$ cat start.txt   # compact mmCIF, C-alpha atoms and all ligand atoms
# COMPACT_ATOMS: atom_id res chain seq x y z
CA MET I 134 6.13 -17.25 -20.06
CA ALA I 135 7.30 -13.78 -19.44
CA LEU I 136 4.61 -11.19 -19.15
CA PHE I 137 5.65 -7.80 -20.45
CA MET I 138 3.51 -4.87 -19.49
CA ALA I 139 3.29 -1.74 -21.54
CA GLY I 140 5.31 1.23 -20.35
CA ASN I 141 3.69 2.90 -17.44
CA SER I 142 5.29 6.05 -16.17
CA VAL I 143 8.17 5.82 -13.76
CA PRO I 144 6.93 5.98 -10.17
CA ALA I 145 7.31 9.33 -8.55
CA PHE I 146 9.95 9.85 -5.91
CA HIS I 147 7.36 10.21 -3.15
CA MET I 148 6.15 6.70 -3.96
CA LEU I 149 9.62 5.34 -3.33
CA VAL I 150 9.99 7.19 -0.11
CA PRO I 151 7.01 6.36 2.07
CA GLY I 152 5.86 9.34 4.02
CA GLY I 153 6.99 11.46 1.16
CA GLY I 154 7.98 15.05 1.20
CA PRO I 155 10.12 16.31 4.04
CA THR I 156 13.83 16.15 3.34
CA LEU I 157 14.65 14.95 6.81
CA ASN I 158 18.06 13.46 7.44
CA LEU I 159 16.97 10.68 9.75
CA ARG I 160 20.55 9.50 10.12
CA GLN I 161 21.06 12.49 12.41
CA GLN I 162 18.10 11.40 14.52
CA PRO I 163 18.45 7.63 14.72
CA THR I 164 15.49 5.76 16.08
CA GLY I 165 14.44 2.13 16.10
CA GLU I 166 15.93 -1.18 15.07
CA ALA I 167 17.46 -0.13 11.78
CA ASN I 168 19.70 2.48 13.33
CA ARG I 169 21.21 0.62 16.25
CA MET I 170 24.63 0.68 14.62
CA THR I 171 24.46 4.36 13.82
CA THR I 172 23.37 5.08 17.36
CA ALA I 173 26.39 3.25 18.72
CA HIS I 174 28.84 5.16 16.51
CA PRO I 175 26.97 8.20 15.23
CA GLU I 176 30.15 9.84 13.98
CA LEU I 177 30.80 6.95 11.59
CA HIS I 178 27.31 6.59 10.08
CA PRO I 179 28.14 3.03 9.10
CA GLY I 180 26.05 1.46 6.43
CA ARG I 181 25.37 -2.18 5.80
CA ILE I 182 25.41 -4.50 2.79
CA GLU I 183 22.99 -7.43 2.73
CA VAL I 184 23.00 -9.85 -0.19
CA ILE I 185 20.17 -12.31 -0.82
CA THR I 186 21.08 -14.98 -3.32
CA GLY I 187 20.15 -18.44 -4.61
CA PRO I 188 18.56 -19.93 -7.74
CA MET I 189 15.31 -18.84 -9.36
CA PHE I 190 12.22 -19.50 -7.25
CA SER I 191 14.27 -19.60 -4.03
CA GLY I 192 12.45 -16.61 -2.56
CA LYS I 193 15.03 -13.86 -3.14
CA SER I 194 12.47 -11.26 -4.18
CA GLU I 195 10.13 -12.32 -1.38
CA GLU I 196 12.94 -11.83 1.14
CA LEU I 197 13.96 -8.50 -0.37
CA ILE I 198 10.35 -7.29 -0.28
CA ARG I 199 9.98 -8.56 3.31
CA ARG I 200 13.07 -6.66 4.45
CA LEU I 201 12.11 -3.48 2.62
CA LYS I 202 8.55 -3.57 3.97
CA ARG I 203 9.91 -4.01 7.51
CA ALA I 204 12.21 -1.04 6.91
CA GLN I 205 9.16 0.99 5.85
CA ILE I 206 7.32 -0.11 9.00
CA ALA I 207 10.35 1.13 10.94
CA LYS I 208 9.84 4.50 9.15
CA ARG I 209 13.05 4.11 7.18
CA ARG I 210 13.02 5.81 3.81
CA VAL I 211 13.32 3.17 1.13
CA ALA I 212 14.21 3.35 -2.55
CA CYS I 213 14.02 0.22 -4.65
CA PHE I 214 15.46 -0.47 -8.10
CA LYS I 215 15.54 -3.18 -10.71
CA PRO I 216 17.03 -3.53 -14.20
CA ASP I 217 14.75 -2.66 -17.08
CA LEU I 218 14.93 -6.10 -18.63
CA ASP I 219 12.95 -7.61 -15.81
CA ILE I 220 9.48 -6.23 -16.40
CA ARG I 221 7.73 -9.58 -16.05
CA TYR I 222 5.00 -8.32 -13.77
CA SER I 223 5.40 -4.59 -13.69
CA ARG I 224 7.70 -1.82 -14.81
CA ASN I 225 7.04 0.07 -11.59
CA ALA I 226 7.50 -2.63 -9.01
CA ILE I 227 9.58 -5.59 -8.03
CA ALA I 228 7.52 -8.75 -7.79
CA SER I 229 7.92 -12.25 -6.45
CA HIS I 230 6.61 -15.42 -8.05
CA SER I 231 4.15 -15.48 -5.17
CA ALA I 232 2.75 -12.14 -6.37
CA GLN I 233 4.14 -9.92 -3.63
CA THR I 234 5.13 -6.51 -4.94
CA LEU I 235 6.88 -3.34 -3.88
CA ASP I 236 7.19 -0.06 -5.77
CA ALA I 237 10.48 0.21 -7.63
CA LEU I 238 12.21 2.27 -10.25
CA THR I 239 13.37 0.56 -13.42
CA VAL I 240 16.84 1.58 -14.60
CA VAL I 241 18.80 0.51 -17.68
CA ASN I 242 22.19 0.25 -16.01
CA VAL I 243 24.29 1.24 -12.99
CA GLU I 244 24.98 4.66 -14.45
CA GLU I 245 21.29 5.46 -14.53
CA LEU I 246 20.76 3.92 -11.10
CA LYS I 247 23.43 6.26 -9.73
CA ALA I 248 22.05 9.27 -11.57
CA VAL I 249 18.59 8.68 -10.11
CA LEU I 250 19.70 7.72 -6.62
CA MET I 251 22.39 10.25 -5.81
CA PRO I 252 20.15 13.35 -5.87
CA MET I 253 17.93 11.64 -3.26
CA ALA I 254 20.82 10.05 -1.35
CA GLU I 255 20.49 12.41 1.61
CA VAL I 256 16.85 11.44 2.05
CA VAL I 257 16.94 7.72 1.33
CA GLU I 258 18.21 5.39 4.05
CA VAL I 259 17.60 1.92 2.65
CA VAL I 260 18.38 0.99 -0.95
CA GLY I 261 16.94 -2.22 -2.38
CA ILE I 262 18.10 -3.70 -5.67
CA ASP I 263 16.49 -6.76 -7.22
CA GLU I 264 17.96 -8.89 -10.03
CA ALA I 265 21.39 -7.47 -9.17
CA GLN I 266 23.08 -10.09 -11.37
CA PHE I 267 21.89 -8.21 -14.46
CA PHE I 268 23.95 -5.15 -13.59
CA ASP I 269 27.62 -4.91 -14.50
CA ALA I 270 30.69 -4.75 -12.25
CA SER I 271 30.25 -1.04 -11.56
CA LEU I 272 27.47 -2.01 -9.14
CA VAL I 273 30.23 -3.00 -6.69
CA PRO I 274 31.86 0.46 -6.32
CA LEU I 275 28.41 2.07 -6.22
CA THR I 276 27.42 -0.29 -3.39
CA ASN I 277 30.62 0.58 -1.54
CA GLU I 278 29.95 4.29 -2.05
CA LEU I 279 26.41 3.94 -0.71
CA VAL I 280 27.51 2.00 2.34
CA ARG I 281 30.22 4.57 3.08
CA MET I 282 27.50 7.21 3.00
CA GLY I 283 25.69 5.25 5.68
CA HIS I 284 23.05 3.49 3.63
CA ARG I 285 21.69 0.03 4.22
CA VAL I 286 21.96 -1.61 0.81
CA ILE I 287 20.01 -4.82 0.23
CA LEU I 288 20.73 -6.65 -3.02
CA ALA I 289 18.95 -9.74 -4.35
CA GLY I 290 20.28 -11.69 -7.29
CA LEU I 291 21.02 -15.05 -8.85
CA ASP I 292 24.31 -16.53 -7.67
CA THR I 293 24.82 -18.62 -10.81
CA THR I 294 23.83 -18.59 -14.47
CA PHE I 295 21.90 -21.44 -16.05
CA ALA I 296 25.35 -22.83 -16.92
CA GLY I 297 25.98 -23.10 -13.19
CA GLU I 298 28.71 -20.44 -13.26
CA PRO I 299 29.01 -17.37 -11.01
CA PHE I 300 26.80 -14.57 -12.24
CA ALA I 301 28.75 -11.32 -12.23
CA PRO I 302 28.74 -9.06 -10.20
CA MET I 303 27.29 -11.35 -7.54
CA PRO I 304 30.58 -12.97 -6.39
CA GLU I 305 32.09 -9.59 -5.50
CA LEU I 306 28.90 -8.43 -3.82
CA LEU I 307 28.85 -11.60 -1.73
CA ALA I 308 32.47 -10.97 -0.77
CA ILE I 309 31.92 -7.41 0.47
CA ALA I 310 28.58 -8.06 2.20
CA ASP I 311 27.99 -7.70 5.93
CA GLU I 312 25.35 -10.40 5.65
CA VAL I 313 24.74 -13.05 3.03
CA ILE I 314 21.59 -15.11 2.86
CA LYS I 315 21.74 -18.01 0.42
CA LEU I 316 18.34 -19.54 -0.23
CA SER I 317 17.41 -22.80 -1.92
CA ALA I 318 14.30 -23.55 -3.95
CA VAL I 319 12.52 -26.87 -4.37
CA CYS I 320 13.80 -29.12 -7.17
CA MET I 321 11.00 -29.49 -9.69
CA GLN I 322 12.22 -32.97 -10.59
CA CYS I 323 12.65 -34.66 -7.22
CA GLY I 324 11.65 -32.23 -4.47
CA ALA I 325 15.13 -31.93 -2.94
CA PRO I 326 16.60 -28.52 -2.06
CA ALA I 327 17.47 -26.83 -5.35
CA VAL I 328 20.62 -24.75 -5.80
CA HIS I 329 20.55 -24.47 -9.60
CA THR I 330 18.48 -22.71 -12.23
CA GLN I 331 17.70 -25.01 -15.16
CA ARG I 332 16.87 -23.35 -18.44
CA LEU I 333 14.28 -25.32 -20.35
CA GLY I 334 14.05 -25.58 -24.12
CA SER I 335 16.53 -24.29 -26.64
CA SER I 336 15.89 -20.58 -26.85
CA GLN I 337 18.97 -18.56 -27.76
CA SER I 338 17.33 -15.28 -26.95
CA LEU I 339 19.80 -12.91 -25.37
CA VAL I 340 17.34 -11.79 -22.77
CA LEU I 341 15.06 -14.58 -21.77
CA VAL I 342 13.35 -13.32 -18.69
CA GLY I 343 10.65 -15.60 -17.52
CA ALA I 344 9.51 -18.00 -14.89
CA ALA I 345 7.55 -21.24 -15.02
CA GLY I 346 8.00 -23.00 -18.33
CA VAL I 347 11.26 -21.21 -19.13
CA TYR I 348 13.30 -21.96 -16.04
CA GLU I 349 13.09 -24.59 -13.36
CA ALA I 350 14.75 -24.94 -9.97
CA ARG I 351 16.89 -28.09 -9.83
CA CYS I 352 19.05 -29.85 -7.25
CA ARG I 353 22.64 -30.78 -8.11
CA ALA I 354 21.64 -34.30 -9.12
CA CYS I 355 18.88 -33.19 -11.49
CA PHE I 356 20.67 -30.15 -12.95
CA GLN I 357 21.56 -30.61 -16.62
CA PRO I 358 23.19 -27.40 -17.82
CA TRP I 359 24.26 -28.69 -21.23
CA THR I 360 21.24 -30.70 -22.35
CA ASP I 361 21.00 -28.71 -25.53
CA GLU I 362 24.38 -27.88 -27.08
CA GLN I 363 22.77 -25.27 -29.29
CA THR I 364 21.77 -23.24 -26.29
CA GLU I 365 24.36 -20.62 -25.64
CA GLN I 366 24.80 -19.90 -21.96
CA LEU I 367 24.65 -16.14 -21.84
CA GLU I 368 25.66 -14.33 -18.72
CA LEU I 369 24.96 -10.64 -18.98
CA PRO I 370 22.24 -9.11 -21.12
CA VAL I 371 23.44 -6.06 -23.02
CA SER I 372 20.60 -3.91 -21.85
CA ALA I 373 21.90 -3.76 -18.29
CA SER I 374 25.62 -3.60 -18.95
CA ALA I 375 26.99 -2.07 -22.11
CA ARG I 376 24.13 0.27 -22.89
CA GLU I 377 25.26 3.87 -22.81
P1 LIG X 1 13.14 -15.61 -6.68
O1 LIG X 1 13.15 -14.12 -6.57
O2 LIG X 1 14.27 -16.25 -5.93
O3 LIG X 1 13.08 -16.09 -8.11
P2 LIG X 1 10.48 -15.36 -5.62
O4 LIG X 1 10.65 -14.64 -4.32
O5 LIG X 1 10.05 -14.53 -6.79
O6 LIG X 1 11.81 -16.16 -5.96
O7 LIG X 1 9.42 -16.52 -5.48
C1 LIG X 1 9.45 -17.47 -4.45
C2 LIG X 1 8.12 -18.21 -4.48
O8 LIG X 1 8.04 -18.96 -5.69
C3 LIG X 1 7.91 -19.24 -3.41
O9 LIG X 1 7.46 -18.68 -2.20
C4 LIG X 1 6.84 -20.13 -4.03
O10 LIG X 1 5.56 -19.59 -3.80
C5 LIG X 1 7.09 -20.00 -5.52
N1 LIG X 1 7.70 -21.18 -6.16
C6 LIG X 1 7.40 -21.62 -7.41
N2 LIG X 1 8.18 -22.64 -7.76
C7 LIG X 1 9.00 -22.90 -6.71
C8 LIG X 1 10.05 -23.84 -6.47
N3 LIG X 1 10.43 -24.74 -7.38
N4 LIG X 1 10.70 -23.79 -5.28
C9 LIG X 1 10.33 -22.88 -4.35
N5 LIG X 1 9.36 -21.96 -4.52
C10 LIG X 1 8.70 -21.96 -5.69
MG MG X 2 13.27 -12.59 -7.96
ZN ZN X 3 16.37 -33.02 -7.96
$ encode --input "start.txt" --output "structure tokens"
Amino acid sequence: MALFMAGNSVPAFHMLVPGGGPTLNLRQQPTGEANRMTTAHPELHPGRIEVITGPMFSGKSEELIRRLKRAQIAKRRVACFKPDLDIRYSRNAIASHSAQTLDALTVVNVEELKAVLMPMAEVVEVVGIDEAQFFDASLVPLTNELVRMGHRVILAGLDTTFAGEPFAPMPELLAIADEVIKLSAVCMQCGAPAVHTQRLGSSQSLVLVGAAGVYEARCRACFQPWTDEQTEQLELPVSASARE
């Protein structure tokens, strides 16, 4: 069942940017693995879009956290975001089902994400976004804008809904990505590789964020998207899309 924690304060900027204070434009002084491309063509400052996708429990958040932690080890300045409806484990961090965490800012929609990120855009080099499927289509132009500015943007999100249909804006993000990693989970029915997210029970809650007991990873053979006809297959929670 989803665990909702009471509203802690939003993490301070220095927590998102390890090493903190100095407003140093590291893109002008590329060092290390993460800046090989910028070193090759410094005048272009090319960014990079990486999309991590798959069903629930496939390790998307783990992989996002792994990449962001490696970027921090490489002294890249990292900012991480997630939609406010996913506060299962923490409001101030992204978390995996295996209890790995990384500091993150919670935002209600793309507009707020942009408003928070742009003032620090000169400082931040790597932008991580978890649960990207909960944001609306305007995440695509923002991602393009960030990559044009030279950022490495790493997005993790569900590829399909629990109806087995593409989960907007993921298809477009997959299309524009430099790198796509599509993970599978383990089918909870038969142990085969799972590509689907099975919603259990008959909840019609608009936002049903949860894990074990609410959703299950399933292979194609075991996936039953329409077991309960009363269960509406909702794609995009209002809180991350239409909210002004
Ligand atoms: P996602 O972000 O894709 O939902 P997480 O990164 O949060 O996935 O969690 C992945 C972890 O979930 C795995 O490393 C494993 O410990 C745990 N896990 C629980 N159920 C499953 C499952 N059915 N298949 C694979 N991993 C699972
Ligand atoms: Mg996740
Ligand atoms: Zn199966």
$ closest_residue --input "start.txt" --among "I:Leu272, I:Val286, I:Val347, I:Ile198" --to "ligand MG 2 (chain X)" --atoms "only C-alpha atoms and all ligand atoms"
I:Ile198
$ residues_around --input "start.txt" --residues "region 254-268 of chain I" --least-positions-apart "2" --cutoff "6 Å" --atoms "only C-alpha atoms" --output "PyMOL selection string"
chain I and resi 156+158+210-215+250-252+284-291+300-303+369+373-374
$ residues_around --input "start.txt" --residues "region 308-321 of chain I" --least-positions-apart "5" --cutoff "12 Å" --atoms "only C-alpha atoms" --output "PyMOL selection string"
chain I and resi 179-197+230+272-274+276-277+280+285-293+302-303+326-331+333+345-346+348-356
$ atom_distance --input "start.txt" --atom1 "CA of Leu235 (chain I)" --atom2 "atom O10 of ligand LIG 1 (chain X)"
16.3 Å
$ closest_residue --input "start.txt" --among "I:Leu275, I:Val240, I:Ala232, I:Gln322" --to "ligand ZN 3 (chain X)" --atoms "all atoms listed in the file"
I:Gln322
$ atom_distance --input "start.txt" --atom1 "atom P2 of ligand LIG 1 (chain X)" --atom2 "CA of Ala228 (chain I)"
7.6 Å
$ atom_distance --input "start.txt" --atom1 "atom N4 of ligand LIG 1 (chain X)" --atom2 "CA of Ser231 (chain I)"
10.6 Å
$ closest_residue --input "start.txt" --among "I:Asn242, I:Gln357, I:Thr294, I:Ser229" --to "ligand LIG 1 (chain X)" --atoms "only C-alpha atoms and all ligand atoms"
I:Ser229
$ closest_residue --input "start.txt" --among "I:Met282, I:Gln205, I:Arg199, I:Leu306" --to "ligand LIG 1 (chain X)" --atoms "all atoms listed in the file"
I:Arg199
$ decode --input "start.txt" --residues "region 233-258 of chain I" --atoms "N, CA and C atoms" --output "compact mmCIF listing (two decimals), in the first residue's frame"
# COMPACT_ATOMS: atom_id res chain seq x y z
N GLN I 233 16.57 2.25 -2.30
CA GLN I 233 17.62 3.22 -2.62
C GLN I 233 16.96 4.58 -2.81
N THR I 234 17.64 5.62 -2.39
CA THR I 234 17.05 6.95 -2.48
C THR I 234 18.06 7.97 -2.99
N LEU I 235 17.52 9.07 -3.48
CA LEU I 235 18.35 10.20 -3.90
C LEU I 235 17.52 11.47 -3.70
N ASP I 236 18.14 12.50 -3.17
CA ASP I 236 17.42 13.75 -2.95
C ASP I 236 16.76 14.23 -4.24
N ALA I 237 15.53 14.71 -4.11
CA ALA I 237 14.81 15.21 -5.28
C ALA I 237 13.84 16.30 -4.85
N LEU I 238 13.48 17.11 -5.82
CA LEU I 238 12.45 18.11 -5.60
C LEU I 238 11.13 17.59 -6.15
N THR I 239 10.07 17.80 -5.40
CA THR I 239 8.74 17.41 -5.86
C THR I 239 8.07 18.61 -6.53
N VAL I 240 7.57 18.41 -7.73
CA VAL I 240 6.90 19.49 -8.46
C VAL I 240 5.52 19.02 -8.92
N VAL I 241 4.59 19.97 -9.04
CA VAL I 241 3.22 19.58 -9.37
C VAL I 241 3.04 19.36 -10.87
N ASN I 242 3.83 20.04 -11.69
CA ASN I 242 3.67 19.88 -13.13
C ASN I 242 4.93 20.41 -13.84
N VAL I 243 4.91 20.35 -15.16
CA VAL I 243 6.09 20.76 -15.94
C VAL I 243 6.37 22.25 -15.76
N GLU I 244 5.30 23.02 -15.65
CA GLU I 244 5.46 24.46 -15.46
C GLU I 244 6.29 24.76 -14.21
N GLU I 245 5.95 24.06 -13.13
CA GLU I 245 6.70 24.29 -11.90
C GLU I 245 8.13 23.74 -12.01
N LEU I 246 8.25 22.60 -12.68
CA LEU I 246 9.58 22.03 -12.88
C LEU I 246 10.48 23.05 -13.59
N LYS I 247 9.92 23.66 -14.64
CA LYS I 247 10.68 24.65 -15.41
C LYS I 247 10.99 25.87 -14.56
N ALA I 248 10.02 26.32 -13.80
CA ALA I 248 10.21 27.51 -12.97
C ALA I 248 11.30 27.29 -11.93
N VAL I 249 11.39 26.09 -11.40
CA VAL I 249 12.42 25.78 -10.39
C VAL I 249 13.77 25.57 -11.05
N LEU I 250 13.76 24.89 -12.19
CA LEU I 250 15.02 24.47 -12.80
C LEU I 250 15.74 25.60 -13.53
N MET I 251 15.00 26.42 -14.25
CA MET I 251 15.66 27.40 -15.12
C MET I 251 16.58 28.38 -14.39
N PRO I 252 16.18 28.87 -13.20
CA PRO I 252 17.10 29.77 -12.49
C PRO I 252 18.43 29.11 -12.12
N MET I 253 18.44 27.77 -12.00
CA MET I 253 19.69 27.08 -11.66
C MET I 253 20.29 26.37 -12.88
N ALA I 254 19.75 26.68 -14.07
CA ALA I 254 20.15 25.93 -15.26
C ALA I 254 21.63 26.12 -15.60
N GLU I 255 22.18 27.26 -15.26
CA GLU I 255 23.60 27.50 -15.58
C GLU I 255 24.52 26.68 -14.68
N VAL I 256 24.00 26.30 -13.52
CA VAL I 256 24.81 25.57 -12.56
C VAL I 256 24.66 24.06 -12.73
N VAL I 257 23.42 23.64 -12.95
CA VAL I 257 23.13 22.21 -13.04
C VAL I 257 23.60 21.65 -14.37
N GLU I 258 24.15 20.44 -14.34
CA GLU I 258 24.62 19.80 -15.56
C GLU I 258 23.80 18.57 -15.92
